[in-house]
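Structure file coords-v2.pdb (PDB, C-alpha atoms, pLDDT in the B column) is printed below.
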```pdb
MODEL        1
ATOM      1  CA  MET H   1      98.131 122.892  85.702  1.00 67.00           C
ATOM      2  CA  ARG H   2      97.126 125.057  88.645  1.00 75.00           C
ATOM      3  CA  TYR H   3      93.487 126.117  88.772  1.00 81.00           C
ATOM      4  CA  LEU H   4      93.195 129.861  89.217  1.00 85.00           C
ATOM      5  CA  ILE H   5      90.741 130.872  91.911  1.00 93.00           C
ATOM      6  CA  ARG H   6      89.288 134.356  92.051  1.00 94.00           C
ATOM      7  CA  PRO H   7      89.360 136.237  95.364  1.00 96.00           C
ATOM      8  CA  SER H   8      85.562 136.457  95.181  1.00 96.00           C
ATOM      9  CA  GLN H   9      85.368 132.658  95.162  1.00 96.00           C
ATOM     10  CA  ILE H  10      87.553 132.410  98.248  1.00 97.00           C
ATOM     11  CA  ASP H  11      85.393 135.035  99.959  1.00 97.00           C
ATOM     12  CA  PHE H  12      82.247 133.078  99.060  1.00 96.00           C
ATOM     13  CA  PHE H  13      83.698 129.865 100.496  1.00 96.00           C
ATOM     14  CA  ARG H  14      84.791 131.484 103.733  1.00 95.00           C
ATOM     15  CA  GLU H  15      81.422 133.163 104.190  1.00 95.00           C
ATOM     16  CA  ASN H  16      79.205 130.215 103.215  1.00 94.00           C
ATOM     17  CA  GLY H  17      81.445 127.225 103.874  1.00 93.00           C
ATOM     18  CA  TYR H  18      81.143 125.686 100.426  1.00 94.00           C
ATOM     19  CA  ILE H  19      81.719 126.317  96.736  1.00 95.00           C
ATOM     20  CA  ALA H  20      81.440 124.247  93.558  1.00 93.00           C
ATOM     21  CA  PHE H  21      83.807 124.165  90.591  1.00 94.00           C
ATOM     22  CA  GLU H  22      82.642 122.661  87.314  1.00 91.00           C
ATOM     23  CA  GLU H  23      84.653 120.123  85.288  1.00 90.00           C
ATOM     24  CA  ILE H  24      88.099 120.767  86.742  1.00 93.00           C
ATOM     25  CA  ILE H  25      89.643 117.298  86.407  1.00 92.00           C
ATOM     26  CA  ALA H  26      89.313 114.213  84.172  1.00 89.00           C
ATOM     27  CA  THR H  27      87.634 111.212  85.841  1.00 89.00           C
ATOM     28  CA  GLU H  28      87.100 108.756  82.986  1.00 83.00           C
ATOM     29  CA  LYS H  29      89.828 106.319  84.070  1.00 78.00           C
ATOM     30  CA  ALA H  30      88.469 106.070  87.592  1.00 77.00           C
ATOM     31  CA  MET H  31      85.008 105.313  86.223  1.00 77.00           C
ATOM     32  CA  ARG H  32      86.395 102.482  84.097  1.00 76.00           C
ATOM     33  CA  GLU H  33      88.332 100.956  86.979  1.00 70.00           C
ATOM     34  CA  LYS H  34      85.927 101.420  89.895  1.00 70.00           C
ATOM     35  CA  THR H  35      84.902  98.221  91.652  1.00 67.00           C
ATOM     36  CA  PRO H  36      81.320  98.274  92.936  1.00 61.00           C
ATOM     37  CA  SER H  37      80.806  96.672  96.320  1.00 63.00           C
ATOM     38  CA  THR H  38      77.860  96.075  98.573  1.00 58.00           C
ATOM     39  CA  SER H  39      80.029  97.265 101.472  1.00 71.00           C
ATOM     40  CA  PHE H  40      80.562 101.009 101.735  1.00 72.00           C
ATOM     41  CA  SER H  41      83.490 100.410 104.103  1.00 79.00           C
ATOM     42  CA  LEU H  42      85.508  98.666 101.390  1.00 83.00           C
ATOM     43  CA  GLN H  43      85.574 101.858  99.318  1.00 88.00           C
ATOM     44  CA  HIS H  44      87.657 103.703 101.944  1.00 92.00           C
ATOM     45  CA  ASN H  45      91.196 104.928 101.175  1.00 95.00           C
ATOM     46  CA  LEU H  46      91.071 103.753  97.594  1.00 93.00           C
ATOM     47  CA  PHE H  47      94.132 105.891  96.855  1.00 95.00           C
ATOM     48  CA  GLN H  48      96.259 103.372  98.755  1.00 94.00           C
ATOM     49  CA  ARG H  49      95.219 100.487  96.491  1.00 91.00           C
ATOM     50  CA  ARG H  50      94.166 101.821  93.080  1.00 90.00           C
ATOM     51  CA  SER H  51      96.404 104.033  90.945  1.00 91.00           C
ATOM     52  CA  CYS H  52      93.521 105.785  89.189  1.00 91.00           C
ATOM     53  CA  PHE H  53      92.060 106.923  92.504  1.00 93.00           C
ATOM     54  CA  LYS H  54      95.480 107.903  93.797  1.00 95.00           C
ATOM     55  CA  THR H  55      95.809 110.210  90.790  1.00 94.00           C
ATOM     56  CA  LEU H  56      92.574 111.952  91.745  1.00 95.00           C
ATOM     57  CA  ALA H  57      93.060 112.033  95.519  1.00 96.00           C
ATOM     58  CA  THR H  58      96.606 113.392  95.260  1.00 97.00           C
ATOM     59  CA  SER H  59      95.875 115.756  92.359  1.00 96.00           C
ATOM     60  CA  ARG H  60      97.876 118.947  92.757  1.00 95.00           C
ATOM     61  CA  ARG H  61      95.136 120.795  90.881  1.00 95.00           C
ATOM     62  CA  LEU H  62      92.566 119.853  93.510  1.00 96.00           C
ATOM     63  CA  ALA H  63      95.106 120.344  96.298  1.00 97.00           C
ATOM     64  CA  HIS H  64      95.822 123.901  95.130  1.00 96.00           C
ATOM     65  CA  ILE H  65      92.105 124.681  95.324  1.00 97.00           C
ATOM     66  CA  ALA H  66      91.899 123.165  98.806  1.00 97.00           C
ATOM     67  CA  LEU H  67      94.974 125.094  99.909  1.00 97.00           C
ATOM     68  CA  SER H  68      93.633 128.395  98.596  1.00 97.00           C
ATOM     69  CA  LEU H  69      90.243 127.908 100.209  1.00 97.00           C
ATOM     70  CA  SER H  70      91.672 126.795 103.560  1.00 97.00           C
ATOM     71  CA  GLY H  71      94.118 129.664 103.843  1.00 96.00           C
ATOM     72  CA  LYS H  72      96.769 127.270 105.180  1.00 96.00           C
ATOM     73  CA  LYS H  73     100.423 127.155 104.129  1.00 95.00           C
ATOM     74  CA  HIS H  74     100.312 123.385 103.591  1.00 97.00           C
ATOM     75  CA  ILE H  75      97.645 120.791 102.912  1.00 97.00           C
ATOM     76  CA  ARG H  76      97.662 117.012 103.271  1.00 98.00           C
ATOM     77  CA  LEU H  77      95.424 114.214 102.049  1.00 98.00           C
ATOM     78  CA  LEU H  78      93.730 112.555 105.020  1.00 97.00           C
ATOM     79  CA  PHE H  79      91.622 109.982 103.194  1.00 95.00           C
ATOM     80  CA  ASP H  80      89.393 109.334 100.241  1.00 95.00           C
ATOM     81  CA  GLN H  81      86.078 107.493 100.160  1.00 90.00           C
ATOM     82  CA  GLY H  82      84.166 106.129  97.198  1.00 88.00           C
ATOM     83  CA  PHE H  83      80.474 106.935  97.043  1.00 83.00           C
ATOM     84  CA  PHE H  84      79.304 104.627  94.272  1.00 82.00           C
ATOM     85  CA  GLN H  85      75.655 104.356  93.345  1.00 71.00           C
ATOM     86  CA  GLU H  86      75.642 100.577  93.888  1.00 56.00           C
ATOM     87  CA  ASP H  87      76.590 101.001  97.560  1.00 55.00           C
ATOM     88  CA  ILE H  88      74.575 101.930 100.645  1.00 54.00           C
ATOM     89  CA  TRP H  89      75.779 105.318 101.884  1.00 56.00           C
ATOM     90  CA  PRO H  90      75.729 106.640 105.457  1.00 57.00           C
ATOM     91  CA  SER H  91      73.454 109.628 106.007  1.00 53.00           C
ATOM     92  CA  THR H  92      76.282 111.708 107.489  1.00 57.00           C
ATOM     93  CA  PHE H  93      80.035 111.410 107.401  1.00 60.00           C
ATOM     94  CA  GLN H  94      81.609 114.800 108.064  1.00 59.00           C
ATOM     95  CA  GLU H  95      80.198 115.570 111.503  1.00 68.00           C
ATOM     96  CA  ASN H  96      82.072 112.825 113.365  1.00 81.00           C
ATOM     97  CA  SER H  97      85.623 112.912 112.071  1.00 88.00           C
ATOM     98  CA  SER H  98      88.566 110.991 113.500  1.00 93.00           C
ATOM     99  CA  PHE H  99      90.925 113.837 112.649  1.00 94.00           C
ATOM    100  CA  GLN H 100      91.868 116.944 114.593  1.00 95.00           C
ATOM    101  CA  GLY H 101      93.040 119.353 111.928  1.00 95.00           C
ATOM    102  CA  LEU H 102      90.532 118.392 109.227  1.00 95.00           C
ATOM    103  CA  GLN H 103      90.105 121.479 107.046  1.00 96.00           C
ATOM    104  CA  LEU H 104      87.697 120.714 104.234  1.00 95.00           C
ATOM    105  CA  PHE H 105      86.270 118.108 101.885  1.00 94.00           C
ATOM    106  CA  ALA H 106      86.048 117.849  98.131  1.00 95.00           C
ATOM    107  CA  PHE H 107      83.128 115.811  96.780  1.00 92.00           C
ATOM    108  CA  LEU H 108      84.261 114.957  93.262  1.00 93.00           C
ATOM    109  CA  ARG H 109      81.720 113.742  90.741  1.00 91.00           C
ATOM    110  CA  LEU H 110      83.066 110.836  88.692  1.00 91.00           C
ATOM    111  CA  SER H 111      80.111 109.959  86.462  1.00 86.00           C
ATOM    112  CA  PRO H 112      78.566 112.293  83.892  1.00 82.00           C
ATOM    113  CA  GLU H 113      75.105 113.717  84.275  1.00 74.00           C
ATOM    114  CA  LYS H 114      72.435 111.483  82.785  1.00 69.00           C
ATOM    115  CA  LYS H 115      70.412 112.747  79.849  1.00 62.00           C
ATOM    116  CA  GLY H 116      67.095 114.117  80.919  1.00 54.00           C
ATOM    117  CA  SER H 117      68.291 115.235  84.342  1.00 53.00           C
ATOM    118  CA  THR H 118      67.017 118.636  85.325  1.00 49.00           C
ATOM    119  CA  ASP H 119      68.858 121.343  87.171  1.00 48.00           C
ATOM    120  CA  ARG H 120      67.819 121.941  90.749  1.00 49.00           C
ATOM    121  CA  PRO H 121      67.929 125.405  92.285  1.00 46.00           C
ATOM    122  CA  GLU H 122      70.456 126.183  94.988  1.00 46.00           C
ATOM    123  CA  GLU H 123      68.882 125.575  98.374  1.00 45.00           C
ATOM    124  CA  ALA H 124      68.938 128.495 100.749  1.00 46.00           C
ATOM    125  CA  ASN H 125      70.365 126.436 103.615  1.00 60.00           C
ATOM    126  CA  GLY H 126      73.212 124.681 101.875  1.00 66.00           C
ATOM    127  CA  PRO H 127      74.931 123.453  98.743  1.00 76.00           C
ATOM    128  CA  ILE H 128      73.842 121.081  96.004  1.00 73.00           C
ATOM    129  CA  LEU H 129      76.159 118.772  94.116  1.00 77.00           C
ATOM    130  CA  PRO H 130      77.547 119.743  90.701  1.00 78.00           C
ATOM    131  CA  HIS H 131      76.319 117.871  87.635  1.00 79.00           C
ATOM    132  CA  GLY H 132      79.279 117.447  85.290  1.00 87.00           C
ATOM    133  CA  ALA H 133      81.864 114.674  85.562  1.00 90.00           C
ATOM    134  CA  GLY H 134      85.081 116.055  87.018  1.00 93.00           C
ATOM    135  CA  SER H 135      83.215 118.760  88.941  1.00 93.00           C
ATOM    136  CA  ALA H 136      83.748 119.156  92.674  1.00 94.00           C
ATOM    137  CA  LEU H 137      81.974 120.623  95.658  1.00 93.00           C
ATOM    138  CA  PHE H 138      84.402 121.880  98.316  1.00 96.00           C
ATOM    139  CA  PHE H 139      82.899 122.328 101.770  1.00 93.00           C
ATOM    140  CA  LYS H 140      83.871 122.775 105.396  1.00 92.00           C
ATOM    141  CA  PRO H 141      83.218 119.950 107.887  1.00 88.00           C
ATOM    142  CA  ASN H 142      80.634 121.993 109.785  1.00 86.00           C
ATOM    143  CA  VAL H 143      78.458 122.748 106.747  1.00 85.00           C
ATOM    144  CA  PRO H 144      75.064 120.967 106.872  1.00 75.00           C
ATOM    145  CA  PHE H 145      75.136 118.622 103.910  1.00 68.00           C
ATOM    146  CA  SER H 146      72.681 115.821 103.103  1.00 64.00           C
ATOM    147  CA  ILE H 147      73.569 113.725 100.074  1.00 65.00           C
ATOM    148  CA  GLU H 148      70.002 112.549  99.605  1.00 59.00           C
ATOM    149  CA  LYS H 149      68.643 116.111  99.456  1.00 54.00           C
ATOM    150  CA  THR H 150      71.287 117.367  97.047  1.00 55.00           C
ATOM    151  CA  LEU H 151      71.525 114.469  94.592  1.00 58.00           C
ATOM    152  CA  ASP H 152      68.985 114.572  91.775  1.00 57.00           C
ATOM    153  CA  ASP H 153      70.144 111.473  89.860  1.00 62.00           C
ATOM    154  CA  PRO H 154      72.211 108.343  90.657  1.00 69.00           C
ATOM    155  CA  ALA H 155      75.904 109.067  90.313  1.00 80.00           C
ATOM    156  CA  ASP H 156      79.381 108.069  91.468  1.00 86.00           C
ATOM    157  CA  PHE H 157      81.499 110.336  93.654  1.00 89.00           C
ATOM    158  CA  LEU H 158      84.868 110.381  95.370  1.00 92.00           C
ATOM    159  CA  LEU H 159      85.082 112.171  98.693  1.00 92.00           C
ATOM    160  CA  ILE H 160      88.533 113.630  99.419  1.00 96.00           C
ATOM    161  CA  ALA H 161      89.401 114.925 102.892  1.00 96.00           C
ATOM    162  CA  TYR H 162      92.153 117.496 103.414  1.00 98.00           C
ATOM    163  CA  GLY H 163      93.899 118.405 106.647  1.00 97.00           C
ATOM    164  CA  ASP H 164      96.620 120.758 107.811  1.00 97.00           C
ATOM    165  CA  ILE H 165     100.233 119.785 108.370  1.00 96.00           C
ATOM    166  CA  ASN H 166      99.711 119.131 112.099  1.00 97.00           C
ATOM    167  CA  THR H 167      96.655 116.883 111.856  1.00 97.00           C
ATOM    168  CA  LEU H 168      96.246 114.342 114.676  1.00 97.00           C
ATOM    169  CA  TYR H 169      94.283 111.095 114.828  1.00 96.00           C
ATOM    170  CA  VAL H 170      91.579 111.175 117.498  1.00 95.00           C
ATOM    171  CA  LYS H 171      89.482 108.126 118.303  1.00 92.00           C
ATOM    172  CA  ASN H 172      85.830 108.758 117.505  1.00 89.00           C
ATOM    173  CA  PRO H 173      83.417 105.818 117.820  1.00 87.00           C
ATOM    174  CA  LEU H 174      80.766 107.831 115.944  1.00 85.00           C
ATOM    175  CA  ASP H 175      82.886 108.078 112.795  1.00 87.00           C
ATOM    176  CA  PRO H 176      81.038 105.899 110.223  1.00 83.00           C
ATOM    177  CA  LEU H 177      84.205 105.577 108.128  1.00 86.00           C
ATOM    178  CA  ALA H 178      86.136 104.018 111.041  1.00 87.00           C
ATOM    179  CA  LYS H 179      84.344 100.742 110.348  1.00 85.00           C
ATOM    180  CA  SER H 180      86.483 100.249 107.258  1.00 90.00           C
ATOM    181  CA  PRO H 181      89.356  97.750 107.464  1.00 92.00           C
ATOM    182  CA  HIS H 182      91.397 100.365 105.592  1.00 93.00           C
ATOM    183  CA  HIS H 183      90.813 103.143 108.147  1.00 93.00           C
ATOM    184  CA  ILE H 184      93.819 104.876 109.680  1.00 93.00           C
ATOM    185  CA  SER H 185      92.644 103.937 113.182  1.00 92.00           C
ATOM    186  CA  HIS H 186      94.026 100.419 112.725  1.00 93.00           C
ATOM    187  CA  LYS H 187      97.568 101.781 112.473  1.00 95.00           C
ATOM    188  CA  LEU H 188      97.630 104.704 114.930  1.00 96.00           C
ATOM    189  CA  GLN H 189      96.967 105.453 118.573  1.00 96.00           C
ATOM    190  CA  PRO H 190      94.758 108.385 119.657  1.00 96.00           C
ATOM    191  CA  GLY H 191      96.799 111.569 119.699  1.00 97.00           C
ATOM    192  CA  ASP H 192      99.302 110.346 117.112  1.00 98.00           C
ATOM    193  CA  PRO H 193     100.196 112.762 114.309  1.00 97.00           C
ATOM    194  CA  VAL H 194      99.175 111.355 110.951  1.00 97.00           C
ATOM    195  CA  PRO H 195     102.317 110.135 109.131  1.00 97.00           C
ATOM    196  CA  GLN H 196     103.364 110.871 105.579  1.00 97.00           C
ATOM    197  CA  ASN H 197     102.956 107.282 104.415  1.00 95.00           C
ATOM    198  CA  LEU H 198      99.280 107.208 105.465  1.00 96.00           C
ATOM    199  CA  ALA H 199      98.286 110.844 104.897  1.00 97.00           C
ATOM    200  CA  PRO H 200     100.664 112.371 102.346  1.00 97.00           C
ATOM    201  CA  LEU H 201     101.480 116.063 102.392  1.00 97.00           C
ATOM    202  CA  LEU H 202     100.378 117.371  98.997  1.00 97.00           C
ATOM    203  CA  LEU H 203     101.530 120.998  99.082  1.00 95.00           C
TER     204      LEU H 203
ENDMDL
END
```

What does the file become when written as structure tokens?
Amino acid sequence: MRYLIRPSQIDFFRENGYIAFEEIIATEKAMREKTPSTSFSLQHNLFQRRSCFKTLATSRRLAHIALSLSGKKHIRLLFDQGFFQEDIWPSTFQENSSFQGLQLFAFLRLSPEKKGSTDRPEEANGPILPHGAGSALFFKPNVPFSIEKTLDDPADFLLIAYGDINTLYVKNPLDPLAKSPHHISHKLQPGDPVPQNLAPLLL
């Protein structure tokens, strides 16, 4: 079912570069089937190998939100990345992308909020992560975003990256996700358009 977005929410996103939506998709199956790893790089492009993560990463409900916020006519999935609390996370990931045409991210919370957690106020200089399982923070690549400063309790997340229809792969040695054996860089040359089999067009 399509998630209806109010014009005021689109205006907020375009002015501030981020917006959160609470409990918009079920994540229980992904939580049951996630595979913790000591290597962050092994949690890249899970949608290509695990059906439960493919369901989330290719969700038309999430894609409709991304499409509405981006203002584009089409949106494609560029990659997903598991951020599981057992792993060691990089401090930044969005500032050094390997994609020309990257539009926005969705940071989807998989695990429920722990009892006893307290709400944190919205910081003046950026977003904080939503608390409920199935909630998502959508944000532009240029929005300052520190996971450590916004996370108030250990949790599991799935990062989903969306691009436009003409997205190209560009080699970027500073991209922390390029270290993954599942990264698109192992199958493309710089300047190549991302193909449907690696980065499916969702809408």

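Ranking H:Phe157, H:Pro141, H:Arg76, H:Ser98 by their shortest atom-to-atom distance to H:Pro190, with only C-alpha atoms included, puts H:Ser98 first.
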
*asked:* As a check of understanding, name the residues that the PyMOL selection byres ((chain H and resi 179-187) around 7) selects in the supplied structure, as JSON, numbers by chain.
replied: {"H": [41, 42, 44, 45, 176, 177, 178, 188]}

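Going from atom CA of H:Tyr18 over to atom CA of H:Asp175, you cover 21.6 Å.
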
_If we count all atoms listed in the file and set the cut-off at 7 Å, which residues sit around stretch 169-171 of chain H, ignoring sequence neighbours fewer than 2 positions away in its own chain? Please answer as a PyMOL selection string._
chain H and resi 98-100+167+173+190-194

Export C-alpha atoms of the chosen residues as a PDB file, in the frame of the given file?
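Written file, result_10.pdb:
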```pdb
ATOM      1  CA  SER H  98      88.566 110.991 113.500  1.00 93.00           C
ATOM      2  CA  PHE H  99      90.925 113.837 112.649  1.00 94.00           C
ATOM      3  CA  GLN H 100      91.868 116.944 114.593  1.00 95.00           C
ATOM      4  CA  THR H 167      96.655 116.883 111.856  1.00 97.00           C
ATOM      5  CA  PRO H 173      83.417 105.818 117.820  1.00 87.00           C
ATOM      6  CA  PRO H 190      94.758 108.385 119.657  1.00 96.00           C
ATOM      7  CA  GLY H 191      96.799 111.569 119.699  1.00 97.00           C
ATOM      8  CA  ASP H 192      99.302 110.346 117.112  1.00 98.00           C
ATOM      9  CA  PRO H 193     100.196 112.762 114.309  1.00 97.00           C
ATOM     10  CA  VAL H 194      99.175 111.355 110.951  1.00 97.00           C
TER      11      VAL H 194
END
```

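Interatomic distance, atom CA of H:Leu201 against atom CA of H:Ala133: 25.9 Å.
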
*Fewer than 3 positions away in the same chain doesn't count, so skip those; otherwise give me all residues within 9 Å of H:Lys140, counting only C-alpha atoms, as JSON, numbers by chain.*
{"H": [13, 14, 17, 18, 70, 94, 102, 103, 104, 105, 143]}

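Residues matching the PyMOL selection byres ((chain H and resi 52) around 12) in this structure come to Ala26, Thr27, Glu28, Lys29, Ala30, Met31, Arg32, Glu33, Lys34, Thr35, Leu46, Phe47, Gln48, Arg49, Arg50, Ser51, Phe53, Lys54, Thr55, Leu56, Ala57, Thr58, Ser59, Leu110 and Leu158 of chain H.
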
_Proximity to H:Ala66 - best of H:Gly163, H:Gly134, H:Pro7, H:Pro112, only C-alpha atoms_ =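 Of all the options, H:Gly163 lies closest to H:Ala66.
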
*Between H:Tyr162, H:Phe107, H:Leu198, H:Ile25, which is the closest to H:Leu137 once you count all atoms listed in the file?*
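Counting all atoms listed in the file, the residue closest to H:Leu137 is H:Phe107.
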
*Please indicate the distance in Å from atom CA of H:His74 to atom CA of H:Leu168, rounded to one decimal place.*
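Computing it gives 14.9 Å between the two atoms.
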
Mind working out the centre and edge lengths of an axis-aligned box for stretch 16-19 of chain H, all listed atoms inside, 8 Å added to each side, rounded to one decimal in Å and written as lines of an AutoDock Vina configuration file?
```
center_x = 80.5
center_y = 128.0
center_z = 100.3
size_x = 18.5
size_y = 20.5
size_z = 23.1
```
